[in-house]
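*Asks:* Got a structure for you, written out below as structure tokens; questions coming shortly.
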Amino acid sequence: MARLEIRDLHASVEGREILNGVNLIVNQGEIHALMGPNGSGKSTLANTLLGHPKYKVTGGDILVDGESIVGLTPDKRAKKGLFLAFQYPVSVPGVTMFSFLRAAYNAVHTDEKNQAPTLFEFREEMNEKMKLLGVDESFMHRYLNEGFSGGEKKRAEILQLALLKPKFAVLDETDSGLDIDALRVVAEGVSKIAGSDLGVLVITHYQRILKYIKPTFVHVLYEGRITASGGEELSLKLEEKGYGWLKEQAGVVS
Ligand SMILES: Nc1ncnc2c1ncn2[C@@H]1O[C@H](COP(=O)(O)OP(=O)(O)OP(=O)(O)O)[C@@H](O)[C@H]1O
Ligand SMILES: [Mg+2]
């Protein structure tokens with residue numbers, strides 16, 4: 001069983017320290033929800049995990065199956081089984097969903113002998129996943145994210161997740177821009193794909209997404225550190241009480 005381990009992670013962006021010692025272990029098959037106030041460093045954590053060049057690890061480590069991935073480029077991390085869905089997916093005019101997904105699929109599934117999957121193999125796999133997620137064929141001929149609604153972007157993201165079959169997925173959800181149907185797309189998609197061999201770290205502001213994705217654990221990131229962890233009841237407490245009590249608990253005076 002694969003394991004993603006974040007060990008005393010410190011990271012900075014633009015020379016400013018944002019993560020101040022994050023510890024978290026995600027095993028394959030577990031769903032972890034990460035909550036926390038605006039600016040607490042949730043997206044920074046996601047970007048640091050992926051290896052975004054702007055986010056520098058200044059201490060600690062990120063390990064997949066005991067091996068550090070900190071020195072690896074994003075594509076090498078993807079080969080190790082990490083998947084990150086962006087909070088604001090970019091639109092790429094002129095690139096269809098089909099060609100984008102094929103390129104991503106080939107990049108991850110090309111074997112040691114440099115054999116990429118055939119077009120037939122890709123189509124078979126794609127058709128199966130589109131059926132599973134209820135995605136319409138016409139979707140594949142559209143340009144990547146161009147004119148996509150929030151829900152359609154999410155559908156594209158989940159389709160990508162289903163095709164790439166990562167060991168670990170980091171989903172950074174804004175929630176805010178998404179209506180309840182878009183949230184449901186993500187939640188139901190993840191539930192369909194998850195199972196024993198996917199570990200998920202889902203970043204969210206609202207408890208409502210967790211009604212559909214049943215998290216194994218809930219964590220709160222506060223000023224670059226995980227200050228509380230628990231089960232689903234923690235998300236209910238946050239929904240009810242907000243984040244103020246964490247401040248007191250962390251002994252932060254501001
Ligand atoms: N690329 C960047 N350039 C400059 N500052 C950044 C960058 N990314 C993050 N930061 C800063 O790091 C801090 C944490 O931001 P981050 O986006 O990680 O918070 P968040 O927890 O994801 O917030 P939200 O809930 O609003 O999505 C903020 O002060 C932000 O301005
Ligand atoms: Mg964010």
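Ordering of the structure tokens sets the chain letters (A, B, ...), residue numbers begin anew at 1 in every chain, and ligands are numbered from 1 in the order given.
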DSSP on the backbone: what in stretch 59-156 of chain A comes out alpha helix (DSSP H), as an MDAnalysis selection string?

*Replies:* chainID A and resid 74:79 97:109 119:133 150:156

*Asks:* With only C-alpha atoms counted and 12 Å as the cut-off, give the residues of stretch 48-79 of chain A in contact with stretch 92-105 of chain A, each with its shortest interatomic distance in Å and the pair that gives it, as JSON lines.

*Replies:*
{"residue": "A:Asp75", "atom": "CA", "partner": "A:Ala104", "partner_atom": "CA", "distance": 9.7}
{"residue": "A:Ala78", "atom": "CA", "partner": "A:Ala104", "partner_atom": "CA", "distance": 9.7}
{"residue": "A:Lys79", "atom": "CA", "partner": "A:Tyr105", "partner_atom": "CA", "distance": 10.6}

*Asks:* Those selected residues, please, written with C-alpha atoms and delivered as a PDB file, in the first residue's frame.

*Replies:*
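To be explicit, this is the file written out as selection_39.pdb:
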ATOM      1  CA  ASP A  75       6.128  15.305 -14.517  1.00  0.00           C
ATOM      2  CA  ALA A  78       3.135  12.477 -11.800  1.00  0.00           C
ATOM      3  CA  LYS A  79       4.955   9.301 -12.838  1.00  0.00           C
TER       4      LYS A  79
END

*Asks:* Return as an mmCIF file with N, CA, C and O atoms, in the first residue's frame the residues of protein, DNA or RNA that approach ligand 1 to within 12 Å, with only C-alpha atoms and all ligand atoms taken into account.

*Replies:*
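Output saved as pocket.cif:
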data_model
loop_
_atom_site.group_PDB
_atom_site.id
_atom_site.type_symbol
_atom_site.label_atom_id
_atom_site.label_comp_id
_atom_site.auth_asym_id
_atom_site.auth_seq_id
_atom_site.Cartn_x
_atom_site.Cartn_y
_atom_site.Cartn_z
ATOM 1 N N ALA A 11 7.821 25.657 3.554
ATOM 2 C CA ALA A 11 7.930 26.103 2.171
ATOM 3 C C ALA A 11 7.695 27.593 2.090
ATOM 4 O O ALA A 11 6.954 28.174 2.886
ATOM 5 N N SER A 12 8.359 28.211 1.115
ATOM 6 C CA SER A 12 8.202 29.646 0.946
ATOM 7 C C SER A 12 7.842 29.966 -0.495
ATOM 8 O O SER A 12 8.119 29.194 -1.411
ATOM 9 N N VAL A 13 7.187 31.097 -0.642
ATOM 10 C CA VAL A 13 6.860 31.591 -1.974
ATOM 11 C C VAL A 13 7.235 33.065 -2.010
ATOM 12 O O VAL A 13 6.972 33.785 -1.045
ATOM 13 N N GLU A 14 7.911 33.449 -3.079
ATOM 14 C CA GLU A 14 8.395 34.834 -3.209
ATOM 15 C C GLU A 14 9.180 35.243 -1.949
ATOM 16 O O GLU A 14 9.038 36.364 -1.467
ATOM 17 N N GLY A 15 9.943 34.326 -1.431
ATOM 18 C CA GLY A 15 10.792 34.620 -0.274
ATOM 19 C C GLY A 15 10.066 34.688 1.062
ATOM 20 O O GLY A 15 10.690 34.984 2.083
ATOM 21 N N ARG A 16 8.762 34.422 1.050
ATOM 22 C CA ARG A 16 7.999 34.482 2.296
ATOM 23 C C ARG A 16 7.649 33.070 2.760
ATOM 24 O O ARG A 16 7.125 32.285 1.979
ATOM 25 N N GLU A 17 7.962 32.793 4.016
ATOM 26 C CA GLU A 17 7.679 31.457 4.539
ATOM 27 C C GLU A 17 6.165 31.303 4.751
ATOM 28 O O GLU A 17 5.562 32.090 5.492
ATOM 29 N N ILE A 18 5.561 30.332 4.113
ATOM 30 C CA ILE A 18 4.114 30.137 4.241
ATOM 31 C C ILE A 18 3.803 28.850 5.014
ATOM 32 O O ILE A 18 2.932 28.821 5.869
ATOM 33 N N LEU A 19 4.514 27.784 4.705
ATOM 34 C CA LEU A 19 4.289 26.538 5.443
ATOM 35 C C LEU A 19 5.329 26.436 6.554
ATOM 36 O O LEU A 19 6.529 26.577 6.305
ATOM 37 N N ASN A 20 4.855 26.182 7.767
ATOM 38 C CA ASN A 20 5.746 26.230 8.930
ATOM 39 C C ASN A 20 5.860 24.900 9.661
ATOM 40 O O ASN A 20 5.837 24.857 10.885
ATOM 41 N N LEU A 34 -8.754 18.758 3.883
ATOM 42 C CA LEU A 34 -7.962 19.820 4.485
ATOM 43 C C LEU A 34 -8.771 21.110 4.426
ATOM 44 O O LEU A 34 -9.183 21.545 3.354
ATOM 45 N N MET A 35 -9.029 21.668 5.598
ATOM 46 C CA MET A 35 -9.790 22.903 5.681
ATOM 47 C C MET A 35 -8.894 23.976 6.301
ATOM 48 O O MET A 35 -7.769 23.688 6.692
ATOM 49 N N GLY A 36 -9.398 25.171 6.408
ATOM 50 C CA GLY A 36 -8.589 26.240 6.991
ATOM 51 C C GLY A 36 -8.961 27.572 6.396
ATOM 52 O O GLY A 36 -9.463 27.630 5.272
ATOM 53 N N PRO A 37 -8.721 28.650 7.149
ATOM 54 C CA PRO A 37 -9.119 29.980 6.673
ATOM 55 C C PRO A 37 -8.374 30.415 5.411
ATOM 56 O O PRO A 37 -7.358 29.822 5.064
ATOM 57 N N ASN A 38 -8.871 31.440 4.767
ATOM 58 C CA ASN A 38 -8.209 32.017 3.594
ATOM 59 C C ASN A 38 -6.782 32.394 3.962
ATOM 60 O O ASN A 38 -6.548 32.946 5.042
ATOM 61 N N GLY A 39 -5.870 32.079 3.073
ATOM 62 C CA GLY A 39 -4.482 32.481 3.291
ATOM 63 C C GLY A 39 -3.708 31.623 4.276
ATOM 64 O O GLY A 39 -2.570 31.952 4.622
ATOM 65 N N SER A 40 -4.288 30.521 4.714
ATOM 66 C CA SER A 40 -3.584 29.693 5.702
ATOM 67 C C SER A 40 -2.495 28.823 5.068
ATOM 68 O O SER A 40 -1.671 28.256 5.774
ATOM 69 N N GLY A 41 -2.518 28.716 3.732
ATOM 70 C CA GLY A 41 -1.451 27.981 3.044
ATOM 71 C C GLY A 41 -1.898 26.691 2.372
ATOM 72 O O GLY A 41 -1.066 25.893 1.954
ATOM 73 N N LYS A 42 -3.194 26.518 2.209
ATOM 74 C CA LYS A 42 -3.711 25.274 1.627
ATOM 75 C C LYS A 42 -3.256 25.092 0.172
ATOM 76 O O LYS A 42 -2.745 24.041 -0.195
ATOM 77 N N SER A 43 -3.445 26.151 -0.625
ATOM 78 C CA SER A 43 -3.034 26.044 -2.033
ATOM 79 C C SER A 43 -1.512 25.973 -2.131
ATOM 80 O O SER A 43 -0.977 25.320 -3.031
ATOM 81 N N THR A 44 -0.838 26.648 -1.210
ATOM 82 C CA THR A 44 0.627 26.584 -1.181
ATOM 83 C C THR A 44 1.070 25.140 -0.951
ATOM 84 O O THR A 44 1.991 24.654 -1.612
ATOM 85 N N LEU A 45 0.392 24.460 -0.066
ATOM 86 C CA LEU A 45 0.717 23.056 0.184
ATOM 87 C C LEU A 45 0.489 22.227 -1.092
ATOM 88 O O LEU A 45 1.349 21.438 -1.484
ATOM 89 N N ALA A 46 -0.644 22.458 -1.740
ATOM 90 C CA ALA A 46 -0.950 21.717 -2.969
ATOM 91 C C ALA A 46 0.119 21.979 -4.034
ATOM 92 O O ALA A 46 0.643 21.046 -4.650
ATOM 93 N N ASN A 47 0.462 23.245 -4.220
ATOM 94 C CA ASN A 47 1.459 23.593 -5.235
ATOM 95 C C ASN A 47 2.842 23.052 -4.896
ATOM 96 O O ASN A 47 3.609 22.676 -5.788
ATOM 97 N N THR A 48 3.165 23.048 -3.606
ATOM 98 C CA THR A 48 4.464 22.526 -3.179
ATOM 99 C C THR A 48 4.526 21.015 -3.413
ATOM 100 O O THR A 48 5.550 20.479 -3.827
ATOM 101 N N LEU A 49 3.408 20.337 -3.185
ATOM 102 C CA LEU A 49 3.366 18.890 -3.412
ATOM 103 C C LEU A 49 3.599 18.573 -4.885
ATOM 104 O O LEU A 49 4.286 17.637 -5.233
ATOM 105 N N HIS A 52 5.478 22.961 -8.080
ATOM 106 C CA HIS A 52 5.388 24.239 -8.781
ATOM 107 C C HIS A 52 6.678 25.026 -8.510
ATOM 108 O O HIS A 52 7.075 25.167 -7.349
ATOM 109 N N PRO A 53 7.355 25.509 -9.558
ATOM 110 C CA PRO A 53 8.672 26.134 -9.363
ATOM 111 C C PRO A 53 8.686 27.353 -8.437
ATOM 112 O O PRO A 53 9.734 27.683 -7.886
ATOM 113 N N LYS A 54 7.558 28.016 -8.277
ATOM 114 C CA LYS A 54 7.531 29.205 -7.411
ATOM 115 C C LYS A 54 7.577 28.856 -5.928
ATOM 116 O O LYS A 54 7.861 29.706 -5.086
ATOM 117 N N TYR A 55 7.251 27.619 -5.613
ATOM 118 C CA TYR A 55 7.123 27.215 -4.209
ATOM 119 C C TYR A 55 8.349 26.411 -3.788
ATOM 120 O O TYR A 55 8.593 25.327 -4.305
ATOM 121 N N LYS A 56 9.135 27.000 -2.900
ATOM 122 C CA LYS A 56 10.414 26.378 -2.529
ATOM 123 C C LYS A 56 10.315 25.670 -1.183
ATOM 124 O O LYS A 56 9.862 26.266 -0.192
ATOM 125 N N PHE A 86 -5.854 21.694 -10.431
ATOM 126 C CA PHE A 86 -5.651 23.092 -10.089
ATOM 127 C C PHE A 86 -6.909 23.790 -9.595
ATOM 128 O O PHE A 86 -8.015 23.469 -10.007
ATOM 129 N N GLN A 87 -6.688 24.742 -8.719
ATOM 130 C CA GLN A 87 -7.805 25.500 -8.167
ATOM 131 C C GLN A 87 -8.457 26.343 -9.272
ATOM 132 O O GLN A 87 -9.658 26.475 -9.339
ATOM 133 N N TYR A 88 -7.626 26.906 -10.122
ATOM 134 C CA TYR A 88 -8.158 27.680 -11.245
ATOM 135 C C TYR A 88 -7.616 27.071 -12.519
ATOM 136 O O TYR A 88 -6.597 27.512 -13.026
ATOM 137 N N LEU A 171 -6.819 17.644 -4.540
ATOM 138 C CA LEU A 171 -7.875 18.413 -5.203
ATOM 139 C C LEU A 171 -8.078 19.717 -4.456
ATOM 140 O O LEU A 171 -8.498 19.714 -3.298
ATOM 141 N N ASP A 172 -7.739 20.806 -5.114
ATOM 142 C CA ASP A 172 -7.881 22.110 -4.474
ATOM 143 C C ASP A 172 -9.177 22.741 -4.969
ATOM 144 O O ASP A 172 -9.259 23.203 -6.102
ATOM 145 N N GLU A 173 -10.178 22.727 -4.137
ATOM 146 C CA GLU A 173 -11.501 23.197 -4.541
ATOM 147 C C GLU A 173 -11.757 24.593 -3.991
ATOM 148 O O GLU A 173 -11.663 24.812 -2.794
ATOM 149 N N THR A 174 -12.117 25.503 -4.856
ATOM 150 C CA THR A 174 -12.480 26.819 -4.337
ATOM 151 C C THR A 174 -13.855 26.786 -3.671
ATOM 152 O O THR A 174 -14.124 27.585 -2.816
ATOM 153 N N ASP A 175 -14.675 25.889 -4.073
ATOM 154 C CA ASP A 175 -16.077 25.836 -3.626
ATOM 155 C C ASP A 175 -16.809 27.121 -3.980
ATOM 156 O O ASP A 175 -17.859 27.092 -4.601
ATOM 157 N N SER A 176 -16.214 28.221 -3.570
ATOM 158 C CA SER A 176 -16.871 29.521 -3.681
ATOM 159 C C SER A 176 -17.475 29.776 -5.056
ATOM 160 O O SER A 176 -18.630 30.163 -5.164
ATOM 161 N N GLY A 177 -16.692 29.527 -6.092
ATOM 162 C CA GLY A 177 -17.200 29.805 -7.431
ATOM 163 C C GLY A 177 -18.112 28.704 -7.957
ATOM 164 O O GLY A 177 -18.638 28.807 -9.044
ATOM 165 N N VAL A 202 -8.348 16.398 -0.213
ATOM 166 C CA VAL A 202 -9.273 17.355 -0.821
ATOM 167 C C VAL A 202 -9.314 18.625 0.027
ATOM 168 O O VAL A 202 -9.545 18.581 1.234
ATOM 169 N N ILE A 203 -8.988 19.728 -0.624
ATOM 170 C CA ILE A 203 -8.949 21.014 0.063
ATOM 171 C C ILE A 203 -10.289 21.704 -0.145
ATOM 172 O O ILE A 203 -10.732 21.871 -1.283
ATOM 173 N N THR A 204 -10.933 22.047 0.921
ATOM 174 C CA THR A 204 -12.266 22.634 0.779
ATOM 175 C C THR A 204 -12.587 23.590 1.915
ATOM 176 O O THR A 204 -12.012 23.509 2.992
ATOM 177 N N HIS A 205 -13.489 24.507 1.646
ATOM 178 C CA HIS A 205 -13.911 25.454 2.683
ATOM 179 C C HIS A 205 -15.180 25.013 3.376
ATOM 180 O O HIS A 205 -15.467 25.417 4.483
ATOM 181 N N TYR A 206 -15.946 24.220 2.648
ATOM 182 C CA TYR A 206 -17.272 23.959 3.178
ATOM 183 C C TYR A 206 -17.514 22.505 3.487
ATOM 184 O O TYR A 206 -17.085 21.616 2.767
ATOM 185 N N VAL A 220 -7.164 20.713 9.902
ATOM 186 C CA VAL A 220 -7.253 22.159 9.734
ATOM 187 C C VAL A 220 -5.859 22.738 9.628
ATOM 188 O O VAL A 220 -5.000 22.489 10.478
ATOM 189 N N LEU A 221 -5.648 23.488 8.550
ATOM 190 C CA LEU A 221 -4.383 24.185 8.385
ATOM 191 C C LEU A 221 -4.577 25.601 8.892
ATOM 192 O O LEU A 221 -5.527 26.284 8.512
ATOM 193 N N TYR A 222 -3.684 26.001 9.758
ATOM 194 C CA TYR A 222 -3.810 27.338 10.341
ATOM 195 C C TYR A 222 -2.417 27.949 10.393
ATOM 196 O O TYR A 222 -1.511 27.374 10.990
ATOM 197 N N GLU A 223 -2.251 29.068 9.724
ATOM 198 C CA GLU A 223 -0.951 29.732 9.644
ATOM 199 C C GLU A 223 0.186 28.762 9.319
ATOM 200 O O GLU A 223 1.226 28.744 9.985
ATOM 201 N N GLY A 224 -0.059 27.976 8.288
ATOM 202 C CA GLY A 224 0.999 27.117 7.772
ATOM 203 C C GLY A 224 1.315 25.867 8.556
ATOM 204 O O GLY A 224 2.367 25.257 8.362
ATOM 205 N N ARG A 225 0.395 25.502 9.446
ATOM 206 C CA ARG A 225 0.595 24.304 10.270
ATOM 207 C C ARG A 225 -0.734 23.595 10.465
ATOM 208 O O ARG A 225 -1.766 24.262 10.543
ATOM 209 N N ILE A 226 -0.704 22.289 10.586
ATOM 210 C CA ILE A 226 -1.951 21.586 10.908
ATOM 211 C C ILE A 226 -2.152 21.663 12.413
ATOM 212 O O ILE A 226 -1.333 21.169 13.181
#

*Asks:* Contacts of A:Lys237 at 12 Å or less, counting only C-alpha atoms, minus same-chain residues fewer than 6 places along, as a list in words?

*Replies:*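 After dropping sequence-adjacent residues, the list is Met35, Tyr206, Gln207, Val218, His219, Val220, Ala228, Ser229, Gly230, Gly231, Tyr243, Gly244, Trp245 and Leu246 of chain A.
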
*Asks:* Give one line per residue of stretch 168-232 of chain A that approaches stretch 145-159 of chain A to at most 8 Å, naming the two atoms of the closest pair and their distance in Å to one decimal, counting only C-alpha atoms; sort by chain then ascending residue number and deliver it as JSON lines.

*Replies:*
{"residue": "A:Gly177", "atom": "CA", "partner": "A:Gly150", "partner_atom": "CA", "distance": 7.2}
{"residue": "A:Leu178", "atom": "CA", "partner": "A:Gly150", "partner_atom": "CA", "distance": 5.9}
{"residue": "A:Asp179", "atom": "CA", "partner": "A:Gly151", "partner_atom": "CA", "distance": 7.7}
{"residue": "A:Asp181", "atom": "CA", "partner": "A:Gly151", "partner_atom": "CA", "distance": 6.9}
{"residue": "A:Ala182", "atom": "CA", "partner": "A:Gly151", "partner_atom": "CA", "distance": 4.1}
{"residue": "A:Leu183", "atom": "CA", "partner": "A:Gly151", "partner_atom": "CA", "distance": 7.6}
{"residue": "A:Val185", "atom": "CA", "partner": "A:Arg155", "partner_atom": "CA", "distance": 6.4}
{"residue": "A:Val186", "atom": "CA", "partner": "A:Lys154", "partner_atom": "CA", "distance": 6.2}
{"residue": "A:Gly189", "atom": "CA", "partner": "A:Ile158", "partner_atom": "CA", "distance": 6.1}
{"residue": "A:Val190", "atom": "CA", "partner": "A:Ile158", "partner_atom": "CA", "distance": 7.2}

*Asks:* So that I have them on file, write out the residues from the current selection with N, CA and C atoms, as a compact mmCIF listing (two decimals), in the first residue's frame.

*Replies:*
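What landed in result14.txt:
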# COMPACT_ATOMS: atom_id res chain seq x y z
N GLY A 177 -16.69 29.53 -6.09
CA GLY A 177 -17.20 29.80 -7.43
C GLY A 177 -18.11 28.70 -7.96
N LEU A 178 -18.26 27.66 -7.18
CA LEU A 178 -18.97 26.50 -7.70
C LEU A 178 -20.36 26.39 -7.11
N ASP A 179 -21.30 26.04 -7.97
CA ASP A 179 -22.63 25.81 -7.41
C ASP A 179 -22.67 24.38 -6.86
N ASP A 181 -24.20 21.83 -7.77
CA ASP A 181 -24.10 20.74 -8.75
C ASP A 181 -22.65 20.45 -9.11
N ALA A 182 -21.85 21.54 -9.24
CA ALA A 182 -20.44 21.36 -9.58
C ALA A 182 -19.72 20.63 -8.45
N LEU A 183 -20.07 20.97 -7.23
CA LEU A 183 -19.49 20.28 -6.08
C LEU A 183 -19.84 18.81 -6.10
N VAL A 185 -20.45 17.06 -8.75
CA VAL A 185 -19.68 16.39 -9.81
C VAL A 185 -18.36 15.89 -9.23
N VAL A 186 -17.70 16.77 -8.50
CA VAL A 186 -16.42 16.41 -7.92
C VAL A 186 -16.60 15.28 -6.90
N GLY A 189 -17.79 12.02 -8.46
CA GLY A 189 -16.70 11.49 -9.30
C GLY A 189 -15.63 10.85 -8.44
N VAL A 190 -15.22 11.58 -7.41
CA VAL A 190 -14.18 11.05 -6.53
C VAL A 190 -14.65 9.76 -5.86

*Asks:* Running DSSP on the backbone, which parts of stretch 29-249 of chain A land in strand (DSSP E), as a PyMOL selection string?

*Replies:* chain A and resi 31-35+55-64+67-68+82-85+92-96+143-144+168-172+199-203+217-222+225-230

*Asks:* Which of these residues is nearest to A:Ala2, using only C-alpha atoms: A:Lys192, A:Arg123, A:Lys241, A:Lys167?

*Replies:*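 Closest candidate: A:Lys167.
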
*Asks:* What does the distance between atom CA of A:Ile6 and atom CA of A:Asp61 come to in Å, to one decimal place?

*Replies:*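 Answer for the atom CA of A:Ile6 to atom CA of A:Asp61 separation: 6.1 Å.
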
*Asks:* Quick one: pull the distance between atom CA of A:Gln249 and atom CA of A:Thr58, Å, one decimal.

*Replies:*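 Going from atom CA of A:Gln249 over to atom CA of A:Thr58, I get 26.1 Å.
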
*Asks:* For A:Arg3, which residue among A:Val108, A:Leu164, A:Leu63, A:Leu201 is the nearest when counting only C-alpha atoms?

*Replies:*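 Smallest separation from A:Arg3 among the options: A:Leu63.
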
*Asks:* Between atom CA of A:Asn23 and atom CA of A:Asp8, what distance in Å does the model show, to one decimal?

*Replies:*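 Computed distance, atom CA of A:Asn23 to atom CA of A:Asp8, equals 5.2 Å.
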
*Asks:* Which residue, A:Leu210, A:Val70, A:Leu24, A:Leu144, has the smallest gap to A:Glu233 when you use only C-alpha atoms?

*Replies:* A:Leu210

*Asks:* Just checking: using only C-alpha atoms, which residue out of A:Glu248, A:Glu112, A:Glu125, A:Asp197 ends up closest to A:Val26?

*Replies:*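 Result for the nearest residue to A:Val26: A:Asp197.
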